[in-house]
file input-v1.cif (mmCIF, C-alpha atoms)
data_data
#
loop_
_atom_site.label_atom_id
_atom_site.label_comp_id
_atom_site.auth_asym_id
_atom_site.auth_seq_id
_atom_site.Cartn_x
_atom_site.Cartn_y
_atom_site.Cartn_z
CA TRP N 1 -25.51 89.46 247.32
CA VAL N 2 -25.53 85.76 248.20
CA ARG N 3 -23.02 86.42 250.92
CA SER N 4 -25.12 89.23 252.37
CA LEU N 5 -27.96 86.79 252.80
CA SER N 6 -25.67 84.26 254.42
CA SER N 7 -25.49 86.76 257.30
CA GLN N 8 -28.67 85.05 258.46
CA LYS N 9 -26.42 82.65 260.38
CA ARG N 10 -27.83 84.65 263.28
CA PRO N 11 -31.50 83.69 262.86
CA GLU N 12 -32.63 86.36 265.30
CA VAL N 13 -31.46 89.10 262.90
CA PRO N 14 -34.08 89.52 260.14
CA LEU N 15 -32.94 90.05 256.56
CA SER N 16 -34.63 93.44 256.40
CA VAL N 17 -32.51 94.70 259.32
CA ILE N 18 -29.32 93.63 257.51
CA LEU N 19 -30.44 95.46 254.36
CA LEU N 20 -31.64 98.59 256.18
CA GLU N 21 -28.48 99.47 258.11
CA GLY N 22 -28.05 102.76 256.25
CA GLU N 23 -24.77 103.73 254.61
CA GLN N 24 -22.74 101.29 256.71
CA GLY N 25 -24.92 98.38 255.60
CA LYS N 26 -24.79 99.59 252.00
CA LYS N 27 -20.98 99.75 252.12
CA LEU N 28 -20.75 96.28 253.65
CA PHE N 29 -23.07 94.90 250.97
CA GLU N 30 -21.13 96.49 248.10
CA GLU N 31 -17.80 95.23 249.43
CA LYS N 32 -18.81 91.66 250.16
CA ALA N 33 -21.72 90.72 247.94
CA SER N 34 -21.47 90.23 244.23
CA PRO N 35 -23.53 87.98 241.93
CA GLY N 36 -21.36 85.24 240.51
CA SER N 37 -18.89 85.27 243.42
CA VAL N 38 -17.49 81.73 243.80
CA GLU N 39 -16.17 82.61 247.26
CA ALA N 40 -19.60 83.74 248.42
CA LEU N 41 -21.24 80.66 246.95
CA HIS N 42 -18.76 78.39 248.73
CA GLU N 43 -19.48 80.19 251.99
CA VAL N 44 -23.22 79.69 251.58
CA LEU N 45 -22.85 75.99 250.81
CA GLN N 46 -21.15 75.53 254.18
CA LEU N 47 -24.29 76.69 256.01
CA PRO N 48 -26.60 74.17 257.72
CA ALA N 49 -29.21 72.64 255.42
CA ALA N 50 -32.05 74.27 257.36
CA LEU N 51 -30.57 77.70 256.71
CA ARG N 52 -29.88 76.97 253.04
CA SER N 53 -33.55 76.10 252.60
CA CYS N 54 -34.85 79.48 253.79
CA PRO N 55 -36.77 81.26 250.99
CA ALA N 56 -34.59 84.38 250.93
CA LEU N 57 -31.40 82.36 250.51
CA ARG N 58 -32.94 80.07 247.90
CA ARG N 59 -34.00 83.11 245.87
CA ALA N 60 -30.49 84.55 246.19
CA LEU N 61 -28.92 81.29 245.02
CA ALA N 62 -31.27 81.12 242.03
CA VAL N 63 -30.38 84.68 240.98
CA ASP N 64 -26.69 84.00 241.53
CA SER N 65 -26.89 80.85 239.38
CA ALA N 66 -28.62 82.66 236.52
CA PHE N 67 -26.04 85.46 236.71
CA ARG N 68 -23.07 83.05 236.60
CA GLU N 69 -24.59 81.06 233.72
CA GLY N 70 -25.33 84.18 231.68
CA ASN N 71 -28.97 83.13 231.47
CA THR N 72 -30.46 86.55 230.75
CA ALA N 73 -34.10 85.49 230.40
CA ARG N 74 -34.07 83.55 233.68
CA LEU N 75 -32.12 86.21 235.55
CA PHE N 76 -34.50 89.05 234.75
CA ARG N 77 -37.53 86.83 235.26
CA LEU N 78 -36.27 86.14 238.79
CA LEU N 79 -35.44 89.79 239.41
CA ARG N 80 -39.00 90.77 238.45
CA ILE N 81 -40.49 88.61 241.22
CA LEU N 82 -38.02 89.39 244.02
CA PRO N 83 -39.53 91.09 247.08
CA TYR N 84 -38.82 94.80 247.43
CA LEU N 85 -35.99 94.57 249.98
CA GLN N 86 -34.06 91.95 248.02
CA SER N 87 -34.60 94.05 244.90
CA CYS N 88 -32.97 96.98 246.69
CA ALA N 89 -30.03 94.74 247.58
CA VAL N 90 -29.40 93.64 244.01
CA GLN N 91 -30.08 97.03 242.38
CA CYS N 92 -26.42 98.07 242.23
CA HIS N 93 -25.68 95.00 240.06
CA ILE N 94 -28.49 95.45 237.52
CA GLY N 95 -26.48 97.74 235.24
CA ARG N 96 -23.68 95.17 235.00
CA ALA N 97 -26.16 92.37 234.31
CA ARG N 98 -27.77 94.37 231.49
CA ARG N 99 -24.37 95.18 229.99
CA GLY N 100 -23.42 91.51 230.02
CA ALA N 101 -26.69 90.57 228.33
CA LEU N 102 -26.25 93.25 225.67
CA ALA N 103 -22.70 92.08 225.01
CA ARG N 104 -23.92 88.50 224.48
CA LEU N 105 -26.61 89.73 222.08
CA ALA N 106 -24.00 91.73 220.17
CA ARG N 107 -21.73 88.70 219.82
CA ALA N 108 -24.60 86.51 218.65
CA LEU N 109 -26.38 88.90 216.30
CA SER N 110 -23.83 91.34 214.89
CA THR N 111 -23.17 91.05 211.14
CA PRO N 112 -21.42 93.29 208.58
CA LYS N 113 -24.81 94.44 207.24
CA GLY N 114 -26.48 94.53 210.64
CA GLN N 115 -29.39 92.71 212.19
CA THR N 116 -32.18 94.54 213.97
CA LEU N 117 -34.22 93.82 217.08
CA PRO N 118 -37.33 95.68 218.24
CA LEU N 119 -36.68 97.90 221.24
CA GLY N 120 -39.85 96.43 222.74
CA PHE N 121 -38.08 93.06 222.87
CA MET N 122 -35.12 94.67 224.66
CA VAL N 123 -37.46 96.33 227.15
CA HIS N 124 -39.07 92.98 227.99
CA LEU N 125 -35.86 90.91 228.05
CA LEU N 126 -33.89 93.32 230.26
CA ALA N 127 -36.82 94.56 232.37
CA LEU N 128 -36.18 98.15 231.29
CA ASP N 129 -38.52 101.00 232.15
CA GLY N 130 -39.52 101.71 228.55
CA PRO N 131 -38.28 102.31 224.99
CA GLU N 132 -36.43 105.50 225.93
CA GLU N 133 -34.26 103.64 228.44
CA ALA N 134 -33.66 100.91 225.85
CA ARG N 135 -32.54 103.52 223.30
CA ASP N 136 -30.21 105.13 225.84
CA LEU N 137 -28.71 101.75 226.80
CA CYS N 138 -28.04 100.77 223.18
CA GLN N 139 -26.56 104.12 222.22
CA ALA N 140 -24.35 104.13 225.35
CA HIS N 141 -22.79 100.94 223.98
CA GLY N 142 -22.29 102.17 220.42
CA LEU N 143 -25.27 100.40 218.86
CA PRO N 144 -27.10 102.48 216.23
CA LEU N 145 -30.86 102.76 215.96
CA ASP N 146 -33.10 102.16 212.98
CA GLY N 147 -35.70 104.86 213.53
CA GLN N 148 -37.15 104.99 217.04
CA GLU N 149 -38.27 101.39 217.37
CA ARG N 150 -35.33 99.09 216.49
CA VAL N 151 -31.68 98.65 217.43
CA VAL N 152 -29.11 97.56 214.85
CA PHE N 153 -26.40 95.05 215.72
CA LEU N 154 -23.52 95.93 213.40
CA ARG N 155 -20.25 94.04 213.67
CA GLY N 156 -17.57 96.04 215.45
CA ARG N 157 -19.91 98.71 216.80
CA TYR N 158 -20.53 97.40 220.32
CA THR N 159 -18.34 99.18 222.88
CA GLU N 160 -18.09 99.48 226.66
CA LYS N 161 -16.95 102.79 228.12
CA GLY N 162 -16.98 103.57 231.82
CA LEU N 163 -19.53 102.18 234.23
CA PRO N 164 -22.74 100.67 232.82
CA PRO N 165 -25.79 102.96 232.94
CA ALA N 166 -27.53 102.53 236.29
CA GLY N 167 -31.06 103.02 234.97
CA THR N 168 -34.05 104.07 237.04
CA CYS N 169 -35.10 100.50 237.94
CA SER N 170 -38.74 101.44 238.38
CA VAL N 171 -39.98 98.07 237.08
CA LEU N 172 -37.50 96.01 239.11
CA VAL N 173 -37.45 98.04 242.34
CA ALA N 174 -39.55 101.16 242.88
CA SER N 175 -42.83 99.72 241.57
CA LYS N 176 -42.73 97.00 244.24
CA LEU N 177 -43.43 99.51 247.00
CA GLY N 178 -47.00 99.54 245.75
CA GLY N 179 -47.89 102.76 247.54
CA ARG N 180 -46.69 101.44 250.91
CA THR N 181 -44.07 103.02 253.14
CA LEU N 182 -40.66 101.40 253.50
CA GLU N 183 -41.52 100.46 257.09
CA GLU N 184 -44.74 98.73 255.98
CA VAL N 185 -42.88 96.77 253.30
CA ALA N 186 -40.12 95.75 255.74
CA MET N 187 -42.62 94.51 258.30
CA ALA N 188 -44.68 92.61 255.70
CA GLU N 189 -41.65 90.91 254.17
CA GLU N 190 -40.26 89.95 257.59
CA GLU N 191 -43.62 88.42 258.43
CA ASP N 192 -43.72 86.50 255.14
CA GLU N 193 -40.20 85.15 255.74
CA GLY N 194 -41.16 84.11 259.27
CA VAL N 195 -44.24 82.23 258.05
CA ALA N 196 -42.18 80.52 255.34
CA ARG N 197 -39.59 79.40 257.88
CA LEU N 198 -42.30 77.93 260.13
CA LYS N 199 -43.69 75.96 257.18
CA SER N 200 -40.29 74.65 256.14
CA PRO N 201 -39.43 71.12 257.32
CA ALA N 202 -36.98 71.04 260.19
#
call {"tool": "encode", "arguments": {"input": "input-v1.cif", "output": "structure tokens"}}
result
Amino acid sequence: WVRSLSSQKRPEVPLSVILLEGEQGKKLFEEKASPGSVEALHEVLQLPAALRSCPALRRALAVDSAFREGNTARLFRLLRILPYLQSCAVQCHIGRARRGALARLARALSTPKGQTLPLGFMVHLLALDGPEEARDLCQAHGLPLDGQERVVFLRGRYTEKGLPPAGTCSVLVASKLGGRTLEEVAMAEEEDEGVARLKSPA
């Protein structure tokens, strides 16, 4: 994802155009951009300081840093406040980020007798779309439930099979449209980025 934003080496090409190039753009993004990529980070750090200070790239670097550090709370806090287009760009990595967070919780909390956490806490921490999605995520990774409201972290029960659940991402992506069309959002976010660049020191 960081590398996809570094494509702004050509300042005349707005970020929204890069992210709205249909299937070809999607394929390019999936091949080249990945949170936590050291290669992508190195590439970004070679950019001119003025480019590195642009808001879109600074947001990308912050998300990338939280992902690499395994800082779940910070990562999902940042993902909540990303603009819509950047949220679309990172959406294909959200399932992997949630799986990593769940794995860390399992390592920290699992005991022979089991420790429980409220599903409401999981919903908030991982920016899930509700208790049902939290239940599905836990059960997909072998974690049993205590009733309908709590997940149990039992030692040896956490598993990873296949790709992580993609989720609906309503909270992190779809809700940010706010009743606007995609074109309206693209134009508004381009305008915001342009204003931010004008305000940035040369």
call {"tool": "closest_residue", "arguments": {"input": "input-v1.cif", "among": "N:Ser53, N:Thr116, N:Asn71, N:Thr159", "to": "Asp146 in chain N", "atoms": "all atoms listed in the file"}}
result
N:Thr116
call {"tool": "closest_residue", "arguments": {"input": "input-v1.cif", "among": "N:Pro164, N:Glu69, N:Gly130, N:Leu145", "to": "Arg98 in chain N", "atoms": "only C-alpha atoms"}}
result
N:Pro164
call {"tool": "residues_near_point", "arguments": {"input": "input-v1.cif", "point": "(-37.0, 84.9, 252.0)", "cutoff": "7 Å", "atoms": "all atoms listed in the file", "output": "list in words"}}
result
Cys54, Pro55, Ala56, Leu57 and Glu193 of chain N
call {"tool": "atom_distance", "arguments": {"input": "input-v1.cif", "atom1": "CA of Cys88 in chain N", "atom2": "CA of Leu172 in chain N"}}
result
8.9 Å
call {"tool": "atom_distance", "arguments": {"input": "input-v1.cif", "atom1": "CA of Leu82 in chain N", "atom2": "CA of Cys169 in chain N"}}
result
13.0 Å
call {"tool": "resolve_selection", "arguments": {"input": "input-v1.cif", "expression": "the PyMOL selection byres ((chain N and resi 163) around 12)", "output": "PyMOL selection string"}}
result
chain N and resi 92-99+137+140-141+159-162+164-167
call {"tool": "atom_distance", "arguments": {"input": "input-v1.cif", "atom1": "CA of Gly142 in chain N", "atom2": "CA of Tyr158 in chain N"}}
result
5.1 Å
call {"tool": "resolve_selection", "arguments": {"input": "input-v1.cif", "expression": "the PyMOL selection byres ((chain N and resi 73) around 10)", "output": "MDAnalysis selection string"}}
result
chainID N and resid 66 70:72 74:78 101 124:127
call {"tool": "resolve_selection", "arguments": {"input": "input-v1.cif", "expression": "the PyMOL selection byres ((chain N and resi 106) around 10)", "output": "JSON, numbers by chain"}}
result
{"N": [100, 101, 102, 103, 104, 105, 107, 108, 109, 110, 111, 115, 143, 152, 153, 154, 155, 156, 157, 158, 159]}
call {"tool": "closest_residue", "arguments": {"input": "input-v1.cif", "among": "N:Val173, N:Asp64, N:Glu189, N:Arg58", "to": "Leu41 in chain N", "atoms": "only C-alpha atoms"}}
result
N:Asp64
call {"tool": "residues_around", "arguments": {"input": "input-v1.cif", "residues": "Gly178 in chain N", "least_positions_apart": "4", "cutoff": "10 Å", "atoms": "all atoms listed in the file", "output": "list in words"}}
result
Tyr84, Ala174 and Val185 of chain N
call {"tool": "axis_aligned_box", "arguments": {"input": "input-v1.cif", "around": "range 77-96 of chain N", "padding_each_side": "3 Å", "output": "AutoDock Vina command-line options"}}
result
--center_x -32.1 --center_y 92.1 --center_z 242.5 --size_x 22.8 --size_y 17.9 --size_z 21.0
call {"tool": "decode", "arguments": {"input": "input-v1.cif", "residues": "range 30-163 of chain N", "atoms": "C-alpha atoms", "output": "PDB file, in the first residue's frame"}}
result
ATOM      1  CA  GLU N  30      -2.184  -6.253  -5.037  1.00  0.00           C
ATOM      2  CA  GLU N  31       1.135  -7.201  -6.634  1.00  0.00           C
ATOM      3  CA  LYS N  32       3.199  -4.285  -5.404  1.00  0.00           C
ATOM      4  CA  ALA N  33       1.660  -2.936  -2.226  1.00  0.00           C
ATOM      5  CA  SER N  34       1.674  -4.750   1.058  1.00  0.00           C
ATOM      6  CA  PRO N  35       1.660  -3.343   4.606  1.00  0.00           C
ATOM      7  CA  GLY N  36       4.921  -4.134   6.333  1.00  0.00           C
ATOM      8  CA  SER N  37       6.937  -4.359   3.103  1.00  0.00           C
ATOM      9  CA  VAL N  38      10.516  -3.287   3.880  1.00  0.00           C
ATOM     10  CA  GLU N  39      11.224  -2.886   0.160  1.00  0.00           C
ATOM     11  CA  ALA N  40       8.279  -0.525  -0.273  1.00  0.00           C
ATOM     12  CA  LEU N  41       9.262   1.449   2.811  1.00  0.00           C
ATOM     13  CA  HIS N  42      12.828   1.835   1.527  1.00  0.00           C
ATOM     14  CA  GLU N  43      11.470   3.057  -1.801  1.00  0.00           C
ATOM     15  CA  VAL N  44       9.306   5.671  -0.095  1.00  0.00           C
ATOM     16  CA  LEU N  45      12.181   6.945   2.044  1.00  0.00           C
ATOM     17  CA  GLN N  46      14.108   7.737  -1.143  1.00  0.00           C
ATOM     18  CA  LEU N  47      11.433  10.225  -2.233  1.00  0.00           C
ATOM     19  CA  PRO N  48      11.997  13.991  -1.896  1.00  0.00           C
ATOM     20  CA  ALA N  49      11.088  15.397   1.520  1.00  0.00           C
ATOM     21  CA  ALA N  50       8.273  17.491   0.030  1.00  0.00           C
ATOM     22  CA  LEU N  51       6.626  14.363  -1.345  1.00  0.00           C
ATOM     23  CA  ARG N  52       7.123  12.395   1.872  1.00  0.00           C
ATOM     24  CA  SER N  53       5.275  15.140   3.740  1.00  0.00           C
ATOM     25  CA  CYS N  54       2.088  14.886   1.671  1.00  0.00           C
ATOM     26  CA  PRO N  55      -0.878  13.849   3.864  1.00  0.00           C
ATOM     27  CA  ALA N  56      -1.751  10.700   1.894  1.00  0.00           C
ATOM     28  CA  LEU N  57       1.788   9.348   2.153  1.00  0.00           C
ATOM     29  CA  ARG N  58       2.101  10.267   5.831  1.00  0.00           C
ATOM     30  CA  ARG N  59      -1.120   8.370   6.564  1.00  0.00           C
ATOM     31  CA  ALA N  60       0.175   5.384   4.596  1.00  0.00           C
ATOM     32  CA  LEU N  61       3.456   5.399   6.523  1.00  0.00           C
ATOM     33  CA  ALA N  62       1.617   5.573   9.848  1.00  0.00           C
ATOM     34  CA  VAL N  63      -0.561   2.586   8.931  1.00  0.00           C
ATOM     35  CA  ASP N  64       2.460   0.685   7.633  1.00  0.00           C
ATOM     36  CA  SER N  65       4.350   1.358  10.873  1.00  0.00           C
ATOM     37  CA  ALA N  66       1.473   0.143  13.054  1.00  0.00           C
ATOM     38  CA  PHE N  67       1.149  -2.978  10.894  1.00  0.00           C
ATOM     39  CA  ARG N  68       4.866  -3.818  11.121  1.00  0.00           C
ATOM     40  CA  GLU N  69       4.933  -3.220  14.890  1.00  0.00           C
ATOM     41  CA  GLY N  70       1.866  -5.371  15.497  1.00  0.00           C
ATOM     42  CA  ASN N  71       0.204  -2.438  17.245  1.00  0.00           C
ATOM     43  CA  THR N  72      -3.402  -3.553  16.828  1.00  0.00           C
ATOM     44  CA  ALA N  73      -5.075  -0.684  18.694  1.00  0.00           C
ATOM     45  CA  ARG N  74      -3.173   1.976  16.737  1.00  0.00           C
ATOM     46  CA  LEU N  75      -3.591   0.209  13.406  1.00  0.00           C
ATOM     47  CA  PHE N  76      -7.369  -0.045  13.586  1.00  0.00           C
ATOM     48  CA  ARG N  77      -7.660   3.452  15.040  1.00  0.00           C
ATOM     49  CA  LEU N  78      -5.834   4.748  11.957  1.00  0.00           C
ATOM     50  CA  LEU N  79      -7.895   2.600   9.601  1.00  0.00           C
ATOM     51  CA  ARG N  80     -11.097   4.042  11.074  1.00  0.00           C
ATOM     52  CA  ILE N  81     -10.110   7.594  10.117  1.00  0.00           C
ATOM     53  CA  LEU N  82      -8.672   6.928   6.651  1.00  0.00           C
ATOM     54  CA  PRO N  83     -10.494   8.648   3.773  1.00  0.00           C
ATOM     55  CA  TYR N  84     -12.715   6.409   1.664  1.00  0.00           C
ATOM     56  CA  LEU N  85     -10.321   5.894  -1.270  1.00  0.00           C
ATOM     57  CA  GLN N  86      -7.388   4.925   0.933  1.00  0.00           C
ATOM     58  CA  SER N  87      -9.724   2.615   2.841  1.00  0.00           C
ATOM     59  CA  CYS N  88     -10.559   0.888  -0.439  1.00  0.00           C
ATOM     60  CA  ALA N  89      -6.840   0.491  -1.127  1.00  0.00           C
ATOM     61  CA  VAL N  90      -6.110  -1.193   2.191  1.00  0.00           C
ATOM     62  CA  GLN N  91      -9.288  -3.316   2.315  1.00  0.00           C
ATOM     63  CA  CYS N  92      -7.656  -6.440   0.875  1.00  0.00           C
ATOM     64  CA  HIS N  93      -5.194  -6.466   3.817  1.00  0.00           C
ATOM     65  CA  ILE N  94      -7.732  -6.066   6.638  1.00  0.00           C
ATOM     66  CA  GLY N  95      -8.412  -9.795   6.974  1.00  0.00           C
ATOM     67  CA  ARG N  96      -4.697 -10.508   7.435  1.00  0.00           C
ATOM     68  CA  ALA N  97      -4.370  -7.707   9.987  1.00  0.00           C
ATOM     69  CA  ARG N  98      -7.296  -9.083  12.004  1.00  0.00           C
ATOM     70  CA  ARG N  99      -5.857 -12.593  11.887  1.00  0.00           C
ATOM     71  CA  GLY N 100      -2.514 -11.325  13.158  1.00  0.00           C
ATOM     72  CA  ALA N 101      -4.216  -9.460  15.995  1.00  0.00           C
ATOM     73  CA  LEU N 102      -6.262 -12.514  16.963  1.00  0.00           C
ATOM     74  CA  ALA N 103      -3.141 -14.676  16.946  1.00  0.00           C
ATOM     75  CA  ARG N 104      -1.386 -12.257  19.312  1.00  0.00           C
ATOM     76  CA  LEU N 105      -4.399 -12.266  21.641  1.00  0.00           C
ATOM     77  CA  ALA N 106      -4.416 -16.074  21.604  1.00  0.00           C
ATOM     78  CA  ARG N 107      -0.724 -16.238  22.514  1.00  0.00           C
ATOM     79  CA  ALA N 108      -1.167 -13.725  25.328  1.00  0.00           C
ATOM     80  CA  LEU N 109      -4.433 -14.949  26.839  1.00  0.00           C
ATOM     81  CA  SER N 110      -4.745 -18.688  26.201  1.00  0.00           C
ATOM     82  CA  THR N 111      -4.609 -20.899  29.309  1.00  0.00           C
ATOM     83  CA  PRO N 112      -5.457 -24.571  29.981  1.00  0.00           C
ATOM     84  CA  LYS N 113      -8.730 -23.522  31.653  1.00  0.00           C
ATOM     85  CA  GLY N 114      -9.433 -20.694  29.237  1.00  0.00           C
ATOM     86  CA  GLN N 115      -9.799 -16.954  29.600  1.00  0.00           C
ATOM     87  CA  THR N 116     -12.744 -15.087  28.147  1.00  0.00           C
ATOM     88  CA  LEU N 117     -13.138 -11.731  26.439  1.00  0.00           C
ATOM     89  CA  PRO N 118     -16.401  -9.964  25.601  1.00  0.00           C
ATOM     90  CA  LEU N 119     -17.197 -10.035  21.903  1.00  0.00           C
ATOM     91  CA  GLY N 120     -18.004  -6.333  22.223  1.00  0.00           C
ATOM     92  CA  PHE N 121     -14.331  -5.729  23.030  1.00  0.00           C
ATOM     93  CA  MET N 122     -13.315  -7.680  19.916  1.00  0.00           C
ATOM     94  CA  VAL N 123     -15.745  -5.664  17.794  1.00  0.00           C
ATOM     95  CA  HIS N 124     -14.219  -2.402  19.021  1.00  0.00           C
ATOM     96  CA  LEU N 125     -10.560  -3.496  18.885  1.00  0.00           C
ATOM     97  CA  LEU N 126     -10.730  -4.968  15.369  1.00  0.00           C
ATOM     98  CA  ALA N 127     -13.296  -2.521  13.934  1.00  0.00           C
ATOM     99  CA  LEU N 128     -15.670  -5.376  13.107  1.00  0.00           C
ATOM    100  CA  ASP N 129     -19.201  -4.809  11.862  1.00  0.00           C
ATOM    101  CA  GLY N 130     -20.880  -6.325  14.914  1.00  0.00           C
ATOM    102  CA  PRO N 131     -20.996  -9.308  17.300  1.00  0.00           C
ATOM    103  CA  GLU N 132     -21.991 -11.752  14.560  1.00  0.00           C
ATOM    104  CA  GLU N 133     -18.846 -10.993  12.569  1.00  0.00           C
ATOM    105  CA  ALA N 134     -16.789 -11.311  15.769  1.00  0.00           C
ATOM    106  CA  ARG N 135     -18.323 -14.738  16.457  1.00  0.00           C
ATOM    107  CA  ASP N 136     -17.619 -15.874  12.897  1.00  0.00           C
ATOM    108  CA  LEU N 137     -14.007 -14.665  13.086  1.00  0.00           C
ATOM    109  CA  CYS N 138     -13.337 -16.457  16.374  1.00  0.00           C
ATOM    110  CA  GLN N 139     -14.966 -19.701  15.289  1.00  0.00           C
ATOM    111  CA  ALA N 140     -13.079 -19.624  11.959  1.00  0.00           C
ATOM    112  CA  HIS N 141      -9.890 -19.736  14.023  1.00  0.00           C
ATOM    113  CA  GLY N 142     -10.956 -22.535  16.358  1.00  0.00           C
ATOM    114  CA  LEU N 143     -11.836 -20.372  19.357  1.00  0.00           C
ATOM    115  CA  PRO N 144     -14.941 -21.535  21.249  1.00  0.00           C
ATOM    116  CA  LEU N 145     -17.666 -19.235  22.508  1.00  0.00           C
ATOM    117  CA  ASP N 146     -19.117 -18.910  25.977  1.00  0.00           C
ATOM    118  CA  GLY N 147     -22.750 -18.247  25.140  1.00  0.00           C
ATOM    119  CA  GLN N 148     -23.318 -15.532  22.548  1.00  0.00           C
ATOM    120  CA  GLU N 149     -21.356 -12.727  24.165  1.00  0.00           C
ATOM    121  CA  ARG N 150     -17.843 -13.996  25.002  1.00  0.00           C
ATOM    122  CA  VAL N 151     -14.972 -15.790  23.283  1.00  0.00           C
ATOM    123  CA  VAL N 152     -12.826 -18.308  25.165  1.00  0.00           C
ATOM    124  CA  PHE N 153      -9.059 -18.419  24.678  1.00  0.00           C
ATOM    125  CA  LEU N 154      -8.132 -22.043  25.390  1.00  0.00           C
ATOM    126  CA  ARG N 155      -4.539 -23.160  24.982  1.00  0.00           C
ATOM    127  CA  GLY N 156      -3.995 -25.127  21.784  1.00  0.00           C
ATOM    128  CA  ARG N 157      -7.325 -24.224  20.202  1.00  0.00           C
ATOM    129  CA  TYR N 158      -6.281 -21.314  17.969  1.00  0.00           C
ATOM    130  CA  THR N 159      -5.803 -22.436  14.358  1.00  0.00           C
ATOM    131  CA  GLU N 160      -5.333 -20.839  10.940  1.00  0.00           C
ATOM    132  CA  LYS N 161      -6.820 -22.587   7.924  1.00  0.00           C
ATOM    133  CA  GLY N 162      -6.901 -21.081   4.461  1.00  0.00           C
ATOM    134  CA  LEU N 163      -7.234 -17.379   3.793  1.00  0.00           C
TER     135      LEU N 163
END
